[in-house]
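Q: Contents of input-v9.cif (mmCIF, C-alpha atoms) are given next:
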data_upload
loop_
_atom_site.label_atom_id
_atom_site.label_comp_id
_atom_site.auth_asym_id
_atom_site.auth_seq_id
_atom_site.Cartn_x
_atom_site.Cartn_y
_atom_site.Cartn_z
CA MET A 25 -23.69 -56.63 15.89
CA THR A 26 -26.73 -56.36 18.14
CA ARG A 27 -29.94 -56.92 16.24
CA PRO A 28 -32.09 -53.75 16.36
CA ALA A 29 -35.52 -53.81 17.97
CA SER A 30 -38.39 -54.15 15.53
CA PRO A 31 -39.44 -50.81 14.01
CA LEU A 32 -43.02 -52.11 13.76
CA LYS A 33 -46.01 -52.23 16.09
CA SER A 34 -49.20 -54.17 15.47
CA ALA A 35 -52.74 -52.84 15.48
CA ASP A 36 -53.43 -54.95 18.57
CA TRP A 37 -50.53 -53.24 20.32
CA LEU A 38 -51.95 -49.86 19.39
CA LEU A 39 -55.37 -50.74 20.77
CA ASP A 40 -53.78 -51.94 24.01
CA HIS A 41 -51.72 -48.75 24.40
CA LEU A 42 -54.00 -46.21 22.75
CA TYR A 43 -54.49 -44.12 25.87
CA ASP A 44 -50.99 -44.37 27.29
CA PRO A 45 -50.08 -40.82 28.33
CA ASN A 46 -46.72 -40.89 26.56
CA LEU A 47 -48.01 -42.28 23.24
CA ARG A 48 -48.18 -39.90 20.31
CA VAL A 49 -49.65 -41.04 17.00
CA LEU A 50 -48.90 -39.46 13.63
CA ASP A 51 -51.36 -39.84 10.76
CA CYS A 52 -49.17 -39.66 7.65
CA ARG A 53 -51.73 -40.40 4.95
CA TYR A 54 -50.98 -38.52 1.77
CA ALA A 55 -51.01 -38.81 -2.03
CA LEU A 56 -48.49 -37.21 -4.34
CA SER A 57 -51.22 -36.92 -6.97
CA ASP A 58 -53.45 -34.86 -4.66
CA PRO A 59 -51.84 -33.21 -1.61
CA LEU A 60 -55.22 -32.68 0.09
CA VAL A 61 -56.28 -36.33 0.08
CA GLY A 62 -54.50 -37.20 3.30
CA ARG A 63 -55.77 -34.28 5.33
CA ILE A 64 -59.31 -34.86 4.09
CA ALA A 65 -59.04 -38.51 5.14
CA TYR A 66 -57.69 -37.43 8.52
CA LEU A 67 -60.58 -35.03 9.09
CA ALA A 68 -63.06 -37.74 8.12
CA GLY A 69 -61.65 -40.14 10.71
CA HIS A 70 -58.35 -41.06 12.32
CA VAL A 71 -56.85 -42.88 15.28
CA PRO A 72 -58.01 -41.08 18.45
CA GLY A 73 -55.47 -38.52 19.57
CA ALA A 74 -53.50 -38.65 16.32
CA SER A 75 -51.90 -35.53 14.88
CA TYR A 76 -51.73 -35.07 11.13
CA ALA A 77 -48.23 -35.04 9.59
CA ASP A 78 -48.21 -33.42 6.16
CA LEU A 79 -45.44 -34.62 3.84
CA GLU A 80 -44.95 -31.23 2.23
CA THR A 81 -45.20 -28.87 5.20
CA ASP A 82 -44.17 -31.01 8.18
CA LEU A 83 -41.95 -33.82 6.88
CA SER A 84 -40.01 -31.89 4.21
CA GLY A 85 -38.06 -28.67 3.92
CA PRO A 86 -38.48 -25.89 1.36
CA VAL A 87 -37.74 -26.81 -2.26
CA ARG A 88 -34.87 -24.90 -3.83
CA GLU A 89 -35.27 -23.19 -7.20
CA ASP A 90 -32.21 -24.97 -8.62
CA GLY A 91 -33.58 -28.38 -7.60
CA ALA A 92 -30.63 -29.19 -5.34
CA GLY A 93 -31.87 -31.25 -2.42
CA GLY A 94 -34.66 -32.77 -4.47
CA ARG A 95 -38.44 -32.46 -4.41
CA HIS A 96 -38.72 -33.29 -0.72
CA PRO A 97 -35.57 -31.96 0.96
CA LEU A 98 -34.84 -32.92 4.52
CA PRO A 99 -36.37 -30.37 6.87
CA ASP A 100 -34.12 -28.20 8.98
CA PRO A 101 -33.57 -30.22 12.18
CA ALA A 102 -34.52 -27.31 14.42
CA ALA A 103 -37.70 -26.67 12.42
CA LEU A 104 -38.67 -30.35 12.53
CA ALA A 105 -37.94 -30.51 16.26
CA ALA A 106 -40.11 -27.43 16.82
CA TRP A 107 -43.01 -29.00 14.92
CA LEU A 108 -42.66 -32.28 16.83
CA GLY A 109 -42.74 -30.38 20.11
CA SER A 110 -45.82 -28.45 18.96
CA VAL A 111 -47.78 -31.72 18.59
CA GLY A 112 -46.66 -32.97 21.98
CA ILE A 113 -43.73 -35.16 21.00
CA GLY A 114 -40.87 -34.93 23.46
CA GLN A 115 -37.85 -36.96 24.46
CA ASP A 116 -39.93 -39.50 26.42
CA SER A 117 -42.69 -39.95 23.84
CA VAL A 118 -43.40 -43.26 22.17
CA VAL A 119 -44.30 -42.31 18.59
CA LEU A 120 -46.33 -44.47 16.21
CA ALA A 121 -46.75 -43.41 12.58
CA TYR A 122 -49.28 -44.83 10.15
CA ASP A 123 -50.44 -44.35 6.57
CA ASP A 124 -52.68 -46.33 4.22
CA PRO A 125 -50.85 -49.06 2.29
CA GLY A 126 -54.22 -50.16 0.88
CA THR A 127 -54.08 -47.19 -1.49
CA GLY A 128 -50.59 -48.04 -2.70
CA GLN A 129 -49.21 -45.16 -0.64
CA GLY A 130 -47.51 -47.12 2.12
CA PHE A 131 -44.30 -45.14 2.42
CA TYR A 132 -45.22 -41.92 4.22
CA ALA A 133 -45.19 -43.43 7.71
CA ALA A 134 -41.73 -44.82 7.01
CA ARG A 135 -40.60 -41.30 6.08
CA ALA A 136 -41.82 -40.00 9.47
CA TRP A 137 -40.16 -42.95 11.22
CA TRP A 138 -36.87 -42.28 9.45
CA LEU A 139 -36.97 -38.55 10.23
CA LEU A 140 -37.46 -39.12 13.95
CA ARG A 141 -34.66 -41.66 13.99
CA TRP A 142 -32.52 -39.11 12.12
CA LEU A 143 -33.16 -36.69 14.98
CA GLY A 144 -31.99 -39.35 17.42
CA HIS A 145 -35.40 -40.49 18.71
CA ALA A 146 -35.30 -44.24 19.32
CA GLN A 147 -38.90 -44.82 20.46
CA VAL A 148 -40.59 -44.42 17.08
CA TYR A 149 -42.44 -47.15 15.15
CA VAL A 150 -44.57 -47.78 12.08
CA LEU A 151 -48.01 -49.36 12.38
CA ASP A 152 -47.88 -52.68 10.52
CA GLY A 153 -50.68 -52.68 7.98
CA GLY A 154 -51.50 -49.04 8.63
CA TRP A 155 -54.98 -47.57 8.79
CA PRO A 156 -56.73 -50.66 7.28
CA ALA A 157 -55.13 -52.92 9.91
CA TYR A 158 -56.27 -50.62 12.70
CA LEU A 159 -59.86 -50.70 11.46
CA ALA A 160 -59.76 -54.46 10.90
CA ALA A 161 -58.60 -54.94 14.51
CA GLY A 162 -61.70 -53.10 15.74
CA GLY A 163 -60.24 -49.63 16.06
CA ALA A 164 -62.65 -46.71 16.03
CA ALA A 165 -62.33 -43.68 13.77
CA ASP A 166 -62.32 -40.32 15.52
CA ALA A 167 -63.03 -37.11 13.61
CA SER A 168 -62.06 -34.74 16.43
CA GLU A 169 -58.69 -33.01 16.67
CA VAL A 170 -56.72 -33.08 19.90
CA ASP A 171 -54.29 -30.31 20.81
CA HIS A 172 -51.54 -31.96 22.81
CA ALA A 173 -49.71 -29.69 25.21
CA PRO A 174 -46.54 -28.44 23.51
CA VAL A 175 -43.24 -29.78 24.80
CA THR A 176 -39.58 -29.37 23.92
CA PHE A 177 -38.00 -31.83 21.51
CA ILE A 178 -34.20 -31.71 21.51
CA PRO A 179 -32.72 -33.04 18.25
CA ASN A 180 -29.60 -35.18 18.17
CA VAL A 181 -28.95 -35.46 14.45
CA GLN A 182 -27.56 -38.79 13.26
CA SER A 183 -25.49 -37.64 10.30
CA GLY A 184 -24.34 -41.19 9.58
CA MET A 185 -27.83 -42.06 8.31
CA VAL A 186 -27.56 -39.70 5.33
CA ALA A 187 -25.68 -39.96 2.05
CA THR A 188 -25.10 -37.02 -0.27
CA ALA A 189 -24.73 -37.00 -4.05
CA GLU A 190 -20.97 -36.83 -3.53
CA ASP A 191 -21.14 -39.91 -1.30
CA VAL A 192 -23.02 -41.74 -4.05
CA GLU A 193 -20.56 -40.64 -6.75
CA ASN A 194 -17.53 -41.60 -4.69
CA ARG A 195 -18.93 -44.72 -3.02
CA ASP A 196 -16.80 -47.76 -2.43
CA PRO A 197 -17.41 -50.44 -5.10
CA ALA A 198 -18.60 -52.78 -2.33
CA THR A 199 -21.48 -50.44 -1.48
CA LEU A 200 -24.84 -51.57 -2.83
CA LEU A 201 -26.84 -48.69 -4.34
CA ILE A 202 -30.57 -49.46 -4.32
CA ASP A 203 -33.07 -47.64 -6.52
CA SER A 204 -36.42 -48.01 -4.75
CA ARG A 205 -38.71 -46.81 -7.55
CA ALA A 206 -40.94 -48.84 -9.84
CA PRO A 207 -39.01 -50.87 -12.44
CA ALA A 208 -40.26 -48.81 -15.39
CA ARG A 209 -38.95 -45.61 -13.81
CA TYR A 210 -35.64 -47.28 -12.97
CA ARG A 211 -35.23 -48.33 -16.61
CA GLY A 212 -36.25 -44.89 -17.83
CA GLU A 213 -39.24 -46.17 -19.79
CA THR A 214 -41.47 -43.65 -18.04
CA GLU A 215 -40.95 -40.67 -15.78
CA PRO A 216 -44.19 -39.13 -14.54
CA ILE A 217 -42.64 -36.66 -12.08
CA ASP A 218 -39.04 -35.69 -12.69
CA ALA A 219 -37.42 -33.89 -15.63
CA ARG A 220 -35.12 -36.76 -16.67
CA ALA A 221 -35.67 -40.50 -16.87
CA GLY A 222 -33.34 -43.31 -15.91
CA HIS A 223 -31.26 -44.22 -12.89
CA ILE A 224 -27.91 -43.63 -11.21
CA PRO A 225 -25.11 -45.73 -12.73
CA GLY A 226 -24.49 -48.95 -10.84
CA ALA A 227 -27.82 -48.98 -9.01
CA VAL A 228 -29.91 -52.12 -8.67
CA ASN A 229 -33.69 -51.90 -8.63
CA ARG A 230 -35.68 -53.02 -5.59
CA ASP A 231 -39.15 -51.50 -5.77
CA TRP A 232 -40.12 -50.30 -2.28
CA SER A 233 -43.51 -52.02 -2.57
CA GLY A 234 -41.78 -55.40 -2.40
CA ALA A 235 -41.23 -54.74 1.31
CA LEU A 236 -44.98 -55.29 1.84
CA ASP A 237 -47.13 -58.32 1.16
CA GLU A 238 -50.45 -58.34 -0.71
CA ALA A 239 -52.29 -57.31 2.46
CA GLY A 240 -50.04 -54.30 3.04
CA ARG A 241 -48.18 -55.93 5.95
CA TRP A 242 -44.41 -55.90 6.19
CA ARG A 243 -42.67 -59.07 5.09
CA GLY A 244 -40.46 -60.87 7.59
CA GLY A 245 -36.77 -60.25 8.08
CA GLU A 246 -35.55 -63.28 6.11
CA LEU A 247 -37.54 -62.28 3.03
CA GLN A 248 -36.34 -58.70 3.35
CA ALA A 249 -32.75 -59.92 3.67
CA ALA A 250 -33.01 -61.95 0.48
CA ARG A 251 -34.76 -59.15 -1.41
CA LEU A 252 -32.23 -56.48 -0.39
CA GLN A 253 -29.03 -58.56 -0.42
CA VAL A 254 -28.42 -57.93 3.26
CA GLY A 255 -25.28 -60.05 3.16
CA ARG A 256 -23.72 -57.26 1.14
CA ALA A 257 -23.14 -54.07 3.11
CA PRO A 258 -23.05 -51.12 3.29
CA THR A 259 -26.09 -49.92 1.36
CA ILE A 260 -27.37 -46.58 0.12
CA ALA A 261 -31.02 -46.39 -0.89
CA TYR A 262 -32.67 -43.74 -3.03
CA CYS A 263 -35.96 -43.13 -4.81
CA GLY A 264 -37.48 -40.10 -6.53
CA SER A 265 -37.23 -37.65 -3.65
CA GLY A 266 -36.20 -39.49 -0.49
CA VAL A 267 -39.65 -40.68 0.57
CA SER A 268 -40.36 -44.09 -0.95
CA ALA A 269 -36.80 -45.29 -0.28
CA THR A 270 -37.48 -45.27 3.46
CA PRO A 271 -39.47 -48.55 3.38
CA ASN A 272 -36.37 -50.29 2.05
CA LEU A 273 -34.33 -48.81 4.90
CA LEU A 274 -36.94 -50.03 7.38
CA ALA A 275 -36.93 -53.43 5.64
CA ARG A 276 -33.16 -53.70 6.08
CA GLU A 277 -33.60 -52.93 9.76
CA LEU A 278 -36.16 -55.76 9.94
CA ALA A 279 -33.43 -57.95 8.44
CA GLY A 280 -31.01 -56.91 11.17
CA VAL A 281 -29.15 -53.92 9.70
CA PRO A 282 -29.78 -50.76 11.76
CA LEU A 283 -29.97 -47.30 10.26
CA GLY A 284 -26.52 -45.79 10.02
CA PRO A 285 -23.37 -46.13 7.88
CA ASP A 286 -24.44 -49.56 6.58
CA ASN A 287 -28.02 -48.48 5.87
CA ARG A 288 -28.15 -44.91 4.55
CA LEU A 289 -30.62 -42.76 2.66
CA TYR A 290 -29.56 -40.62 -0.26
CA ALA A 291 -31.96 -37.96 0.93
CA GLY A 292 -32.16 -35.87 -2.23
CA SER A 293 -32.47 -39.00 -4.36
CA TRP A 294 -33.12 -38.94 -8.11
CA SER A 295 -34.61 -35.44 -8.16
CA ASP A 296 -31.42 -34.11 -6.53
CA TRP A 297 -29.13 -36.21 -8.74
CA ILE A 298 -30.55 -34.78 -11.96
CA SER A 299 -30.36 -31.18 -10.68
CA ASP A 300 -26.75 -31.26 -11.90
CA ASP A 301 -26.56 -31.99 -15.64
CA ALA A 302 -22.97 -33.19 -15.27
CA ARG A 303 -24.05 -36.27 -13.32
CA PRO A 304 -24.40 -39.38 -15.49
CA VAL A 305 -27.73 -41.12 -16.06
CA VAL A 306 -28.35 -44.69 -17.20
CA VAL A 307 -31.38 -45.72 -19.26
CA GLY A 308 -32.14 -49.41 -19.55
CA GLU A 309 -31.47 -52.58 -17.60
CA GLU A 310 -27.83 -52.71 -16.51
CA LYS A 311 -27.62 -56.46 -15.93
CA SER A 312 -28.54 -57.27 -19.51
CA GLY A 313 -26.01 -54.80 -20.88
CA SER A 314 -28.80 -53.08 -22.78
CA PHE A 315 -28.51 -49.53 -21.55
CA ARG A 316 -27.44 -46.07 -22.61
CA LEU A 317 -25.21 -43.80 -20.53
CA PHE A 318 -25.70 -40.04 -20.88
#
Could you render the structure from this file as structure tokens?
A:
Amino acid sequence: MTRPASPLKSADWLLDHLYDPNLRVLDCRYALSDPLVGRIAYLAGHVPGASYADLETDLSGPVREDGAGGRHPLPDPAALAAWLGSVGIGQDSVVLAYDDPGTGQGFYAARAWWLLRWLGHAQVYVLDGGWPAYLAAGGAADASEVDHAPVTFIPNVQSGMVATAEDVENRDPATLLIDSRAPARYRGETEPIDARAGHIPGAVNRDWSGALDEAGRWRGGELQAARLQVGRAPTIAYCGSGVSATPNLLARELAGVPLGPDNRLYAGSWSDWISDDARPVVVGEEKSGSFRLF
């Protein structure tokens, strides 16, 4: 298997290529606790030429009343392609997404990266270290908004990157199911967002934040491989709503496993799983045998 190219770019790379005509930068800063935080931060200062990508309106589809699809459903491919084209992203664009891992919210850029890859766009990357790394490298903050000329983005959906609830229920026993949420949510000790606590039976817990070091930079491929049991494939990753699982998917790519059948996202994730009361839920730590199945 050919090792995939790194999905990361450094702040120094960004500074060297900042004014390349085919570079498009997406500012993905956001906070689930306050949906306006990211846009306010963007308006206060961002990478020159960057467009703001809002998790709710740009990087997610409409939420269904019955909860199916989860809290952040995948956007309609045509709608996402139209939005990408409206901010100047076309087939030849090199796209760099960033967020602010210094605030503990280092997974939104990975969501944008995953979505573009899902639409078949290979030249998309995440800024290693995000906004703090850009500033530390000497990058300037720009408060002006640039309207890039609209272009046409033609989607080529990679269906093999996505797992459904049925795929999770009927998965091969050799498939590793990774719950990317915080350990307390995995065990069902707390659930600050969704209606039910616990995890999907058979899942192991690998908190997404373990993909980053204390400085908010991505750990190397060998550490990611050990953390995510890369020797065991295929893998399906999930989280609360299909957002914070994407760093684990990126981490597996750093370890040499490209997005696709061996590295899939359960897009609806926990919030989709619990939309059907018939699906089982585990509370507790499975390895210790101390858990309850509902």
Q: Here is a test: counting all atoms listed in the file, which residue of A:Leu98, A:Ala121, A:Ala167, A:Val306 is nearest to Ala68 (chain A)?
A: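 That would be A:Ala167, the residue with the smallest distance to Ala68 (chain A).
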Q: Expanded to explicit residues, what is the PyMOL selection byres ((chain A and resi 200) around 12) for this file, as an NGL selection string?
A: :A and (192 or 195-199 or 201-203 or 224-230 or 252-262 or 286-289)
Q: For each of A:Ser299, A:Gln248, A:Asn180, A:Ser57, take the minimum atom-to-atom distance to Leu274 (chain A), counting all atoms listed in the file, then give the residue where this is smallest.
A: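 Counting all atoms listed in the file, the residue closest to Leu274 (chain A) is A:Gln248.
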Q: Pick out the residues sitting within 8 Å of Cys263 (chain A), and hand them over as number ranges by chain; count only C-alpha atoms, and ignore anything fewer than 6 positions along from it in its own chain.
A: A: 203-205, 269, 293-294
Q: A:Val119, A:Ala187, A:Ala221, A:Val150: which is nearest Arg241 (chain A), counting all atoms listed in the file?
A: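 Closest candidate: A:Val150.
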Q: Quick one: pull the distance between CA of Asn46 (chain A) and CA of Val148 (chain A), Å, one decimal.
A: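 According to the coordinates, CA of Asn46 (chain A) and CA of Val148 (chain A) are separated by 11.8 Å.
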Q: Give me the result of the PyMOL selection byres ((chain A and resi 73) around 8) on this file, residue by residue, as a PyMOL selection string.
A: chain A and resi 48-49+71-72+74-75+169-170
Q: Between CA of Ala77 (chain A) and CA of Ala219 (chain A), what is the distance, to one decimal in Å?
A: 27.5 Å
Q: Any chance you could resolve the PyMOL selection byres ((chain A and resi 244) around 9) against this file and give the residues as a list in words?
A: Ala235, Trp242, Arg243, Gly245, Glu246, Leu247, Gln248, Ala249, Ala275, Leu278 and Ala279 of chain A
Q: Any idea what's packed within 9 Å of region 80-92 of chain A, counting all atoms listed in the file, ignoring anything in its chain fewer than 6 positions away? Could you give it as a list in words?
A: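 The residues satisfying every condition are Pro59, Leu98, Pro99, Asp100, Ala103, Leu104, Trp107, Leu108, Arg135, Ala136, Leu139, Gly292, Ser295, Asp296, Trp297, Ile298, Ser299 and Asp300 of chain A.
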Q: What does the distance between CA of Pro282 (chain A) and CA of Phe131 (chain A) come to in Å, to one decimal place?
A: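 CA of Phe131 (chain A) lies at a distance of 18.2 Å from CA of Pro282 (chain A).
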Q: Set the distance at 8 Å and use all atoms listed in the file: which residues neighbour Pro156 (chain A) once local chain neighbours fewer than 5 positions away are removed? I'd like the list as a list in words.
A: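 The neighbour list is Asp124, Pro125 and Gly126 of chain A.
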Q: With C-alpha atoms retained, could you export that selection as a compact mmCIF listing (two decimals), in the coordinates of the input?
A:
# COMPACT_ATOMS: atom_id res chain seq x y z
CA ASP A 124 -52.68 -46.33 4.22
CA PRO A 125 -50.85 -49.06 2.29
CA GLY A 126 -54.22 -50.16 0.88
Q: Which of these residues is nearest to Leu159 (chain A), using all atoms listed in the file: A:Thr270, A:Gln147, A:Thr176, A:Ser34?
A: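 The shortest atom-to-atom distance to Leu159 (chain A) comes from A:Ser34.
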Q: Quick one: everything within 12 Å of Gly240 (chain A), counting all atoms listed in the file, minus sequence neighbours fewer than 5 positions away in the same chain. Send it as a ChimeraX atom specification.
A: /A:122-131,151-157,232-235
Q: Take the residues that were just selected and, keeping C-alpha atoms, output them as a short mmCIF file (atom, residue, chain, number, x, y, z; two decimals), keeping the file's coordinate frame.
A:
data_model
loop_
_atom_site.label_atom_id
_atom_site.label_comp_id
_atom_site.auth_asym_id
_atom_site.auth_seq_id
_atom_site.Cartn_x
_atom_site.Cartn_y
_atom_site.Cartn_z
CA TYR A 122 -49.28 -44.83 10.15
CA ASP A 123 -50.44 -44.35 6.57
CA ASP A 124 -52.68 -46.33 4.22
CA PRO A 125 -50.85 -49.06 2.29
CA GLY A 126 -54.22 -50.16 0.88
CA THR A 127 -54.08 -47.19 -1.49
CA GLY A 128 -50.59 -48.04 -2.70
CA GLN A 129 -49.21 -45.16 -0.64
CA GLY A 130 -47.51 -47.12 2.12
CA PHE A 131 -44.30 -45.14 2.42
CA LEU A 151 -48.01 -49.36 12.38
CA ASP A 152 -47.88 -52.68 10.52
CA GLY A 153 -50.68 -52.68 7.98
CA GLY A 154 -51.50 -49.04 8.63
CA TRP A 155 -54.98 -47.57 8.79
CA PRO A 156 -56.73 -50.66 7.28
CA ALA A 157 -55.13 -52.92 9.91
CA TRP A 232 -40.12 -50.30 -2.28
CA SER A 233 -43.51 -52.02 -2.57
CA GLY A 234 -41.78 -55.40 -2.40
CA ALA A 235 -41.23 -54.74 1.31
#
Q: So which residues fall inside 6 Å of (-29.9, -34.7, 9.3) if we count all atoms listed in the file? Mind giving them as number ranges by chain?
A: A: 142, 181, 183
Q: Counting all atoms listed in the file, which residue out of A:Leu38, A:Ile178, A:Asp116, A:Pro45 sits closest to Ala102 (chain A)?
A: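 Checking each of A:Leu38, A:Ile178, A:Asp116, A:Pro45 against Ala102 (chain A), counting all atoms listed in the file, the winner is A:Ile178.
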Q: Box for region 74-89 of chain A: with edges along x, y and z, all listed atoms inside and 4 Å added on each side, what are the centre and edge lengths in Å to one decimal, as AutoDock Vina command-line options?
A:
--center_x -44.2 --center_y -30.9 --center_z 4.6 --size_x 26.6 --size_y 23.5 --size_z 31.5
